[in-house]
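As provided, my_file_38.cif (mmCIF, C-alpha atoms) reads as follows.
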data_input
#
loop_
_atom_site.label_atom_id
_atom_site.label_comp_id
_atom_site.auth_asym_id
_atom_site.auth_seq_id
_atom_site.Cartn_x
_atom_site.Cartn_y
_atom_site.Cartn_z
CA MET A 1 125.99 97.59 143.88
CA GLN A 2 124.42 94.95 141.67
CA GLU A 3 125.89 94.24 138.29
CA PHE A 4 123.64 94.15 135.26
CA ASN A 5 124.08 92.27 132.02
CA GLU A 6 121.96 93.30 129.03
CA PHE A 7 120.90 89.68 128.64
CA GLN A 8 119.57 89.58 132.21
CA TRP A 9 116.88 91.63 133.89
CA HIS A 10 117.16 92.58 137.54
CA SER A 11 114.32 93.82 139.72
CA GLU A 12 114.72 95.35 143.15
CA ASN A 13 111.36 94.02 144.34
CA GLU A 14 111.09 90.43 143.29
CA GLU A 15 108.12 88.20 143.88
CA THR A 16 108.27 84.43 143.66
CA CYS A 17 107.11 81.93 141.08
CA ASP A 18 108.54 79.00 139.15
CA ARG A 19 108.78 77.65 135.63
CA MET A 20 107.24 74.41 134.55
CA ALA A 21 109.75 72.40 132.56
CA ASP A 22 108.89 69.02 134.04
CA MET A 23 111.85 68.31 136.31
CA GLN A 24 112.82 68.13 139.92
CA ALA A 25 113.82 71.51 141.26
CA THR A 26 114.88 73.26 144.42
CA PRO A 27 113.18 76.28 145.96
CA LYS A 28 114.65 79.76 145.87
CA LYS A 29 113.59 82.72 147.96
CA LYS A 30 109.92 83.40 148.60
CA THR A 31 108.67 86.92 149.28
CA ARG A 32 104.92 86.38 149.37
CA PRO A 33 103.37 83.33 151.03
CA TRP A 34 100.57 82.91 148.49
CA LEU A 35 102.72 83.09 145.39
CA ILE A 36 104.73 80.02 144.46
CA ALA A 37 107.13 79.15 141.72
CA LEU A 38 105.76 78.77 138.27
CA CYS A 39 105.52 75.10 137.46
CA GLY A 40 106.95 73.37 134.36
CA VAL A 41 105.14 75.35 131.80
CA LEU A 42 106.59 78.75 132.28
CA ALA A 43 103.58 79.08 134.41
CA GLY A 44 103.80 81.99 136.73
CA GLY A 45 101.81 85.06 137.15
CA LEU A 46 102.20 88.72 137.55
CA LEU A 47 99.02 90.61 137.23
CA SER A 48 99.73 93.89 138.94
CA PHE A 49 102.81 92.45 140.65
CA THR A 50 106.20 91.20 139.49
CA VAL A 51 107.25 87.58 139.78
CA VAL A 52 110.42 85.59 139.28
CA PRO A 53 110.93 81.84 139.50
CA ALA A 54 111.31 80.39 142.96
CA VAL A 55 112.11 76.95 141.61
CA SER A 56 115.24 76.47 139.57
CA ARG A 57 114.94 74.71 136.23
CA LEU A 58 117.27 71.76 135.98
CA ILE A 59 117.86 72.48 132.33
CA GLY A 60 120.66 74.99 132.41
CA GLY A 61 123.46 76.21 130.19
CA LYS A 62 123.70 77.49 126.66
CA GLU A 63 121.84 76.45 123.55
CA GLY A 64 124.97 75.69 121.55
CA SER A 65 125.73 72.31 123.07
CA PHE A 66 124.27 70.22 120.26
CA GLN A 67 124.27 70.23 116.48
CA PHE A 68 122.35 72.88 114.60
CA ALA A 69 120.46 71.93 111.50
CA GLU A 70 121.26 73.60 108.19
CA ILE A 71 118.55 76.16 107.44
CA PRO A 72 116.57 74.64 104.54
CA VAL A 73 115.35 76.48 101.49
CA ASP A 74 111.79 75.22 101.94
CA THR A 75 111.03 77.51 104.87
CA PRO A 76 107.38 77.08 105.85
CA LYS A 77 105.23 80.17 105.88
CA VAL A 78 103.35 80.86 109.11
CA THR A 79 99.99 82.10 107.89
CA GLN A 80 97.44 83.94 109.95
CA VAL A 81 93.85 82.79 110.06
CA THR A 82 91.26 85.50 109.46
CA TYR A 83 88.88 85.81 112.39
CA ASN A 84 85.34 85.51 111.10
CA SER A 85 82.85 83.84 113.41
CA ASP A 86 80.13 84.09 110.77
CA THR A 87 81.80 81.58 108.47
CA ARG A 88 83.45 79.23 110.97
CA THR A 89 81.81 76.56 113.05
CA GLU A 90 82.72 76.02 116.67
CA LEU A 91 84.02 72.55 117.48
CA SER A 92 83.31 70.40 120.47
CA THR A 93 86.17 69.64 122.83
CA VAL A 94 86.29 66.10 121.42
CA GLU A 95 86.61 67.49 117.88
CA ILE A 96 89.33 69.92 118.98
CA GLY A 97 91.28 67.06 120.52
CA LYS A 98 91.02 64.98 117.36
CA ARG A 99 91.98 67.88 115.11
CA VAL A 100 94.85 69.44 117.09
CA GLY A 101 95.99 66.63 119.38
CA PRO A 102 98.11 64.81 116.76
CA ALA A 103 100.08 68.02 116.13
CA VAL A 104 101.04 68.43 119.80
CA VAL A 105 104.17 66.47 120.66
CA GLY A 106 106.16 65.51 123.71
CA ILE A 107 109.71 66.80 124.07
CA SER A 108 112.32 64.91 126.05
CA THR A 109 115.73 66.37 126.88
CA VAL A 110 119.00 65.19 128.36
CA VAL A 111 121.11 67.74 130.22
CA GLU A 112 124.68 67.08 131.28
CA THR A 113 125.82 68.85 134.43
CA SER A 114 129.32 68.95 135.92
CA THR A 115 130.14 69.60 139.55
CA TYR A 116 133.49 69.92 141.28
CA SER A 117 134.32 67.29 143.87
CA PHE A 118 135.47 68.32 147.34
CA PHE A 119 138.34 65.87 146.90
CA GLY A 120 139.32 67.20 143.48
CA GLY A 121 138.21 66.35 139.99
CA THR A 122 134.83 66.78 138.32
CA ASN A 123 131.66 64.76 138.67
CA THR A 124 129.41 64.66 135.62
CA TYR A 125 125.82 63.50 135.69
CA GLU A 126 122.82 63.58 133.39
CA SER A 127 119.27 64.65 134.14
CA GLU A 128 116.16 64.33 132.02
CA GLY A 129 113.44 66.85 131.39
CA SER A 130 110.24 66.95 129.41
CA GLY A 131 107.87 69.44 127.89
CA SER A 132 105.54 69.85 124.93
CA GLY A 133 105.70 71.26 121.42
CA ILE A 134 103.54 72.06 118.40
CA ILE A 135 104.19 70.85 114.83
CA ILE A 136 103.78 73.84 112.50
CA ALA A 137 105.02 72.31 109.24
CA GLU A 138 104.59 68.80 107.88
CA ASN A 139 108.32 68.59 107.10
CA GLY A 140 109.18 68.56 110.78
CA TYR A 141 109.30 72.07 112.29
CA VAL A 142 108.23 72.17 115.93
CA ILE A 143 107.83 75.20 118.19
CA THR A 144 108.27 75.01 121.95
CA ASN A 145 109.54 77.07 124.88
CA ASN A 146 113.19 78.00 125.15
CA HIS A 147 113.24 76.93 128.80
CA VAL A 148 112.19 73.41 127.78
CA ILE A 149 115.32 72.83 125.69
CA SER A 150 117.84 75.26 127.19
CA GLY A 151 121.17 73.57 127.91
CA ALA A 152 120.14 70.19 126.49
CA LYS A 153 122.78 67.96 124.93
CA LYS A 154 120.09 65.81 123.35
CA ILE A 155 116.48 66.57 122.35
CA SER A 156 113.84 64.07 121.28
CA VAL A 157 110.38 64.71 119.88
CA ILE A 158 107.68 62.10 120.55
CA LEU A 159 104.56 62.07 118.39
CA ASN A 160 101.18 61.23 119.89
CA ASN A 161 101.39 57.79 118.24
CA GLY A 162 104.60 57.06 120.13
CA THR A 163 107.04 57.57 117.25
CA GLU A 164 110.21 59.22 118.50
CA TYR A 165 112.66 61.39 116.54
CA GLU A 166 115.94 63.01 117.47
CA ALA A 167 115.56 66.77 117.04
CA LYS A 168 117.98 69.51 116.06
CA LEU A 169 117.73 73.05 117.35
CA ILE A 170 117.06 75.57 114.58
CA GLY A 171 116.99 78.61 116.85
CA ALA A 172 116.10 79.73 120.37
CA ASP A 173 115.26 83.05 121.97
CA ALA A 174 115.43 83.42 125.74
CA LYS A 175 113.85 86.88 125.67
CA THR A 176 110.54 85.54 124.31
CA ASP A 177 111.01 81.99 125.67
CA LEU A 178 110.53 80.48 122.21
CA ALA A 179 112.48 77.86 120.30
CA VAL A 180 112.16 76.01 116.99
CA LEU A 181 113.20 72.39 116.53
CA LYS A 182 113.48 70.27 113.36
CA VAL A 183 113.01 66.54 112.96
CA GLU A 184 113.75 64.60 109.78
CA ALA A 185 110.26 63.53 108.79
CA SER A 186 107.57 64.35 106.25
CA GLY A 187 103.80 64.27 106.11
CA LEU A 188 103.46 65.11 109.80
CA PRO A 189 100.15 66.40 111.22
CA THR A 190 100.22 70.17 111.67
CA ALA A 191 98.35 72.70 113.76
CA THR A 192 96.51 75.69 112.30
CA LEU A 193 97.70 78.98 113.81
CA GLY A 194 94.93 81.41 114.67
CA ASN A 195 94.66 85.13 115.42
CA SER A 196 95.28 85.90 119.07
CA ASP A 197 94.59 89.61 118.50
CA ALA A 198 90.92 88.72 117.96
CA LEU A 199 90.55 86.97 121.33
CA GLU A 200 88.09 88.18 123.93
CA ALA A 201 87.88 87.41 127.62
CA GLY A 202 85.37 84.63 128.21
CA GLU A 203 86.08 82.63 125.06
CA ARG A 204 86.33 78.87 125.45
CA VAL A 205 89.83 77.45 125.09
CA VAL A 206 91.45 74.03 125.35
CA ALA A 207 95.02 73.39 126.54
CA ILE A 208 96.80 70.37 125.03
CA GLY A 209 100.13 69.02 126.24
CA ASN A 210 102.00 66.47 128.30
CA PRO A 211 101.63 67.34 131.99
CA LEU A 212 104.18 65.49 134.14
CA GLY A 213 105.77 63.89 131.08
CA LYS A 214 105.18 60.93 128.75
CA GLU A 215 102.83 59.05 131.04
CA LEU A 216 100.11 61.69 130.63
CA ALA A 217 100.85 62.63 127.01
CA GLY A 218 98.09 64.26 125.01
CA THR A 219 96.12 65.59 127.97
CA LEU A 220 93.27 68.02 127.19
CA THR A 221 92.00 70.55 129.70
CA GLN A 222 89.28 73.10 129.09
CA GLY A 223 88.63 76.62 130.35
CA ILE A 224 88.18 80.16 129.15
CA VAL A 225 90.31 83.15 128.31
CA SER A 226 90.39 84.80 131.73
CA ALA A 227 92.14 87.99 130.61
CA LEU A 228 94.35 89.41 127.88
CA ASN A 229 97.61 91.38 127.91
CA ARG A 230 98.69 90.27 131.35
CA THR A 231 102.21 91.45 132.21
CA LEU A 232 104.30 88.77 133.86
CA THR A 233 107.97 88.80 134.85
CA VAL A 234 109.75 85.45 134.99
CA ASP A 235 113.51 84.90 135.27
CA ASN A 236 113.83 88.70 135.19
CA VAL A 237 112.25 88.88 131.72
CA THR A 238 108.87 90.55 131.19
CA TYR A 239 106.21 88.97 128.96
CA THR A 240 102.73 89.97 127.79
CA LEU A 241 100.53 86.88 128.03
CA ILE A 242 97.05 85.39 127.75
CA GLN A 243 95.60 84.37 131.11
CA THR A 244 93.48 81.22 131.24
CA ASP A 245 91.88 79.00 133.86
CA ALA A 246 92.45 75.86 131.75
CA ALA A 247 94.62 73.55 133.85
CA ILE A 248 98.31 73.93 132.95
CA ASN A 249 100.89 71.81 134.76
CA PRO A 250 104.58 70.90 134.67
CA GLY A 251 105.31 69.36 131.27
CA ASN A 252 102.71 71.51 129.48
CA SER A 253 105.41 74.04 128.57
CA GLY A 254 105.40 74.60 124.83
CA GLY A 255 101.99 73.00 124.33
CA ALA A 256 98.98 74.49 122.57
CA LEU A 257 96.21 76.76 123.79
CA VAL A 258 93.44 76.28 121.22
CA ASN A 259 90.30 78.31 120.55
CA ALA A 260 86.84 76.94 119.85
CA PHE A 261 87.60 76.72 116.11
CA GLY A 262 90.57 74.40 116.55
CA GLU A 263 93.20 77.11 115.97
CA VAL A 264 96.29 77.54 118.14
CA ILE A 265 96.09 81.00 119.69
CA GLY A 266 98.68 80.56 122.44
CA ILE A 267 101.74 78.60 123.55
CA ASN A 268 101.36 77.46 127.14
CA THR A 269 104.26 78.62 129.24
CA VAL A 270 103.57 79.60 132.86
CA LYS A 271 101.27 79.08 135.82
CA VAL A 272 100.93 80.41 139.35
CA SER A 273 100.58 77.65 141.88
CA SER A 274 99.92 77.60 145.61
CA SER A 275 97.32 76.34 148.06
CA GLU A 276 95.60 79.72 147.87
CA VAL A 277 95.67 80.22 144.09
CA GLU A 278 93.75 78.35 141.39
CA GLY A 279 93.25 78.74 137.66
CA LEU A 280 96.10 81.11 136.84
CA GLY A 281 97.75 79.79 133.69
CA PHE A 282 99.46 81.87 131.03
CA SER A 283 100.24 81.49 127.33
CA ILE A 284 102.32 83.37 124.79
CA PRO A 285 99.90 84.91 122.22
CA ILE A 286 100.47 83.23 118.87
CA ASN A 287 100.58 86.57 117.05
CA ASN A 288 103.51 87.57 119.26
CA ALA A 289 105.22 84.26 118.53
CA LYS A 290 104.84 84.21 114.72
CA PRO A 291 107.50 86.80 113.79
CA ILE A 292 109.91 85.32 116.33
CA VAL A 293 109.36 81.81 114.94
CA GLU A 294 109.85 83.04 111.37
CA ASP A 295 113.16 84.70 112.29
CA LEU A 296 114.33 81.62 114.16
CA ILE A 297 113.58 79.43 111.14
CA ASN A 298 115.19 81.81 108.64
CA PHE A 299 118.16 83.08 110.64
CA GLY A 300 118.47 81.04 113.84
CA TYR A 301 117.93 84.15 115.96
CA VAL A 302 115.72 87.25 116.12
CA LYS A 303 116.88 89.82 113.58
CA ASN A 304 117.50 93.51 114.26
CA ARG A 305 117.16 93.30 118.04
CA PRO A 306 119.18 96.26 119.38
CA LEU A 307 122.25 95.98 121.59
CA ILE A 308 124.18 98.78 123.30
CA GLY A 309 127.01 96.54 124.48
CA LEU A 310 127.39 97.41 128.16
CA ARG A 311 127.42 95.77 131.53
CA VAL A 312 126.24 98.33 134.08
CA ALA A 313 125.34 98.57 137.74
CA TYR A 314 123.24 101.27 139.38
CA VAL A 315 124.98 103.17 142.18
CA ASN A 316 123.28 105.70 144.44
CA GLN A 317 124.97 108.83 145.74
CA GLN A 318 126.15 107.17 148.96
CA GLU A 319 127.75 104.32 147.00
CA ALA A 320 129.27 106.77 144.53
CA ASP A 321 130.88 108.71 147.38
CA TYR A 322 132.15 105.55 149.06
CA TYR A 323 133.65 104.03 145.90
CA ASN A 324 134.91 107.38 144.59
CA ILE A 325 132.65 107.18 141.54
CA PRO A 326 132.07 110.60 139.91
CA ALA A 327 128.26 110.54 140.11
CA ALA A 328 125.20 108.46 140.95
CA GLY A 329 123.81 106.57 137.97
CA LEU A 330 124.50 103.48 135.87
CA PHE A 331 128.15 102.64 136.41
CA VAL A 332 129.77 101.00 133.38
CA SER A 333 131.71 97.94 134.54
CA GLU A 334 132.30 96.37 131.12
CA VAL A 335 132.09 97.36 127.45
CA THR A 336 131.63 94.64 124.81
CA ALA A 337 134.30 94.73 122.13
CA GLY A 338 132.92 95.65 118.72
CA SER A 339 129.60 96.90 120.13
CA GLY A 340 127.99 100.26 119.55
CA ALA A 341 129.10 101.39 122.99
CA ALA A 342 132.71 100.44 122.26
CA ASN A 343 132.60 102.11 118.84
CA ALA A 344 131.25 105.28 120.49
CA GLY A 345 134.18 105.38 122.91
CA ILE A 346 132.31 104.59 126.12
CA LYS A 347 134.75 103.36 128.76
CA LYS A 348 134.70 101.31 131.91
CA GLY A 349 134.13 103.71 134.80
CA ASP A 350 131.77 106.02 132.89
CA VAL A 351 128.45 106.72 134.60
CA ILE A 352 125.32 106.89 132.44
CA LEU A 353 122.95 109.63 133.61
CA LYS A 354 120.41 109.88 130.77
CA CYS A 355 119.33 108.11 127.60
CA ASN A 356 117.81 110.30 124.88
CA GLY A 357 117.33 113.04 127.50
CA THR A 358 115.47 110.79 129.96
CA GLU A 359 117.09 110.12 133.32
CA VAL A 360 117.78 106.41 133.86
CA LYS A 361 118.12 104.98 137.33
CA SER A 362 117.88 101.30 136.53
CA SER A 363 118.90 98.86 133.84
CA GLU A 364 115.22 98.24 133.12
CA GLU A 365 114.69 101.92 132.32
CA LEU A 366 117.68 101.95 129.97
CA ASN A 367 116.52 98.78 128.21
CA ALA A 368 112.96 100.09 127.89
CA ILE A 369 114.27 103.06 125.89
CA ARG A 370 116.68 100.91 123.88
CA ASP A 371 113.95 98.46 122.90
CA ASN A 372 112.03 101.20 121.07
CA PHE A 373 114.76 101.08 118.43
CA ARG A 374 116.25 98.60 116.00
CA ALA A 375 119.81 97.64 115.20
CA GLY A 376 121.38 100.46 113.17
CA ASP A 377 119.44 103.21 114.95
CA SER A 378 121.24 105.68 117.22
CA ILE A 379 120.61 106.76 120.79
CA THR A 380 122.20 109.52 122.86
CA LEU A 381 123.74 108.68 126.23
CA THR A 382 124.56 111.45 128.68
CA ILE A 383 127.47 110.27 130.79
CA ASN A 384 129.70 111.56 133.56
CA ARG A 385 133.34 110.83 132.85
CA ASP A 386 135.73 111.81 135.61
CA GLY A 387 133.43 114.64 136.69
CA GLN A 388 132.76 115.98 133.19
CA VAL A 389 129.28 115.55 131.68
CA ILE A 390 129.30 114.72 127.96
CA GLU A 391 126.88 113.33 125.38
CA VAL A 392 127.76 110.31 123.28
CA GLN A 393 125.95 109.06 120.17
CA VAL A 394 125.70 105.25 120.15
CA THR A 395 124.73 103.34 117.03
CA LEU A 396 122.96 100.19 118.21
CA THR A 397 124.41 96.93 116.96
CA GLU A 398 122.51 93.72 116.39
CA ASP A 399 122.04 91.43 119.37
CA LYS A 400 123.21 88.27 117.65
CA PRO A 401 123.72 85.18 119.83
CA SER A 402 127.19 83.71 119.61
CA PHE A 403 125.92 80.28 118.53
CA THR A 404 124.59 81.73 115.26
CA GLN A 405 127.94 83.15 114.17
#
As structure tokens - that is how I would like this structure written.
Amino acid sequence: MQEFNEFQWHSENEETCDRMADMQATPKKKTRPWLIALCGVLAGGLLSFTVVPAVSRLIGGKEGSFQFAEIPVDTPKVTQVTYNSDTRTELSTVEIGKRVGPAVVGISTVVETSTYSFFGGTNTYESEGSGSGIIIAENGYVITNNHVISGAKKISVILNNGTEYEAKLIGADAKTDLAVLKVEASGLPTATLGNSDALEAGERVVAIGNPLGKELAGTLTQGIVSALNRTLTVDNVTYTLIQTDAAINPGNSGGALVNAFGEVIGINTVKVSSSEVEGLGFSIPINNAKPIVEDLINFGYVKNRPLIGLRVAYVNQQEADYYNIPAAGLFVSEVTAGSGAANAGIKKGDVILKCNGTEVKSSEELNAIRDNFRAGDSITLTINRDGQVIEVQVTLTEDKPSFTQ
């Protein structure tokens, strides 16, 4: 019986891949010989299969370990570029590099990790990580991947001219793997955000970032849009991504995928890597990122994301009989105080059978239904409580990270 937390996604049939925040890592389980961990950029790939990281990221912990900047009044607007190939001129790769390169930055992090000694006491050590980011406002807003900065006690942003700033975290969202940083500067070079909805397979694209860290900062690689709307599962979270054959490597996480007009249409995040696989890189579509980035800047988290407030574990009939659970289904092992589930009277030991009339046999199925709603909406859970089947109306609360309180 595997426990499920709403903030984590569990899959019964996991493939292997690894993220690409540029750090040393150790392998996890591997279920297919040709599929390896996503490297540094959240670079992993599920096309018609599901993948999870096989290499652990050495940036771990919660985002609340360093100071958060005060949300300024001068919030930059993220504008969308109208796609019109008749009035725009394609740029050469050299021109793209000159136009967008200065707006792509390096990100350096320090993570503090504590371990317990066999002889008693605690050993504390620091590790460094690196990734990439994109300046979206001249007053110092930078977007990157959440996995690049997760758990960091210190974050630095390095411009392409070598100038280094200490950065503050404005907001981070693990579900979309996006984060916004702020540095105290003005007049910075900025990137133009394009329209990823207008992309077509076969278009020329350029990836810009810092593969393997500072030594190779500002690297440009060129390729095409290999495919659109690829579904990829990494760290038990499912993303819809742009697939490209432009070379993406550890340290490219959070860097820019740029179209032929010099507009950022993706945020590089994942690759699939093995001796039998080439040219499978993935980027978050910029149109998917824009509303998340705007919420992170304005509120520090993503507004109106629904939360039921349960920790559940699926039990089959054999397990239900063995543990004397009233029925097979999603066994409630914990109810979050103050949540919609708690307000509706759901109790530990209840078994969820259906959500809005649809049978649910996994946490993924329950979340898929929940995610069609917003905070404040209601759903109906059919539950078995001590052998009696009842229906409970749950008003979804807002999934608000604790560090934004």
Here atom CA of A:Thr221 and atom CA of A:Pro291 stand apart by 27.5 Å
In Å and to one decimal, atom CA of A:Asp321 is distant from atom CA of A:Val360 by 19.0 Å
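Atom CA of A:Gly254 lies 8.9 Å from atom CA of A:Ile107.
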Coordinates of box centre and edge lengths for stretch 339-349 of chain A, 8 Å on every side, axis-aligned, as JSON:
{"center_x": 131.4, "center_y": 101.1, "center_z": 126.8, "size_x": 22.8, "size_y": 24.5, "size_z": 32.0}
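Using only C-alpha atoms, the nearest neighbour of A:Gly255 within the list A:Val110, A:Val237, A:Ala207, A:Leu159 is A:Ala207.
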Pull out every residue that the PyMOL selection byres ((chain A and resi 358) around 12) matches in the shown coordinates and put them as a PDB file with C-alpha atoms, in the frame of the given file.
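In the end it all went to expr_38.pdb:
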ATOM      1  CA  ILE A 352     125.320 106.890 132.440  1.00  0.00           C
ATOM      2  CA  LEU A 353     122.950 109.630 133.610  1.00  0.00           C
ATOM      3  CA  LYS A 354     120.410 109.880 130.770  1.00  0.00           C
ATOM      4  CA  CYS A 355     119.330 108.110 127.600  1.00  0.00           C
ATOM      5  CA  ASN A 356     117.810 110.300 124.880  1.00  0.00           C
ATOM      6  CA  GLY A 357     117.330 113.040 127.500  1.00  0.00           C
ATOM      7  CA  GLU A 359     117.090 110.120 133.320  1.00  0.00           C
ATOM      8  CA  VAL A 360     117.780 106.410 133.860  1.00  0.00           C
ATOM      9  CA  LYS A 361     118.120 104.980 137.330  1.00  0.00           C
ATOM     10  CA  SER A 362     117.880 101.300 136.530  1.00  0.00           C
ATOM     11  CA  GLU A 365     114.690 101.920 132.320  1.00  0.00           C
ATOM     12  CA  LEU A 366     117.680 101.950 129.970  1.00  0.00           C
ATOM     13  CA  ALA A 368     112.960 100.090 127.890  1.00  0.00           C
ATOM     14  CA  ILE A 369     114.270 103.060 125.890  1.00  0.00           C
ATOM     15  CA  ARG A 370     116.680 100.910 123.880  1.00  0.00           C
ATOM     16  CA  ILE A 379     120.610 106.760 120.790  1.00  0.00           C
ATOM     17  CA  THR A 380     122.200 109.520 122.860  1.00  0.00           C
ATOM     18  CA  LEU A 381     123.740 108.680 126.230  1.00  0.00           C
ATOM     19  CA  THR A 382     124.560 111.450 128.680  1.00  0.00           C
TER      20      THR A 382
END
The PyMOL selection byres ((chain A and resi 225) around 6) resolved against shown file, as a PyMOL selection string: chain A and resi 201-203+224+226-227+244
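Counting all atoms listed in the file and comparing A:Asn384, A:Thr238, A:Asn259, A:Thr233, the residue that lies closest to A:Arg88 is A:Asn259.
When only C-alpha atoms are used to compute distances to A:Asn210, the closest of the residues A:Asn304, A:Asn229, A:Asn160, A:Thr89 turns out to be A:Asn160.
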Can you list what the PyMOL selection byres ((chain A and resi 146) around 8) grabs from this structure, as a ChimeraX atom specification? /A:144-145,147-150,172-174,177-179
Show which residues sit within 6 Å of A:Ala260, as number ranges by chain. Count only C-alpha atoms, and ignore same-chain residues fewer than 2 positions away. A: 90-91, 204, 262
Tell me which protein, DNA and RNA residues are within 12 Å of A:Ile383, counting all atoms listed in the file, leaving out same-chain ones fewer than 6 positions away, and put them as number ranges by chain. A: 326-332, 341, 345-357, 359-360, 389-394
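For the point (115.8, 63.5, 120.7) in file coordinates, the residues within 6 Å, using all atoms listed in the file, are Lys154, Ile155, Ser156, Val157, Tyr165, Glu166 and Ala167 of chain A.
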Among listed residues A:Ile158, A:Val111, A:Ile267, A:Val180, nearest A:Gly300 (using all atoms listed in the file): A:Val180
Can you list, as a ChimeraX atom specification, every protein, DNA or RNA residue that comes within 9 Å of A:Ile292 when you count only C-alpha atoms, leaving out same-chain residues fewer than 4 positions away? /A:173,176,178-179,288,296-297,301-303
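Using only C-alpha atoms, the shortest contact distance between A:Lys98 and any of A:Ile208, A:Ala289, A:Ala313, A:Val272 is found at A:Ile208.
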For A:Val258: contacts at 10 Å, all atoms listed in the file, fewer than 2 positions along chain excluded, given as a ChimeraX atom specification: /A:93,96-97,100,191-194,204-208,222,255-256,260-268
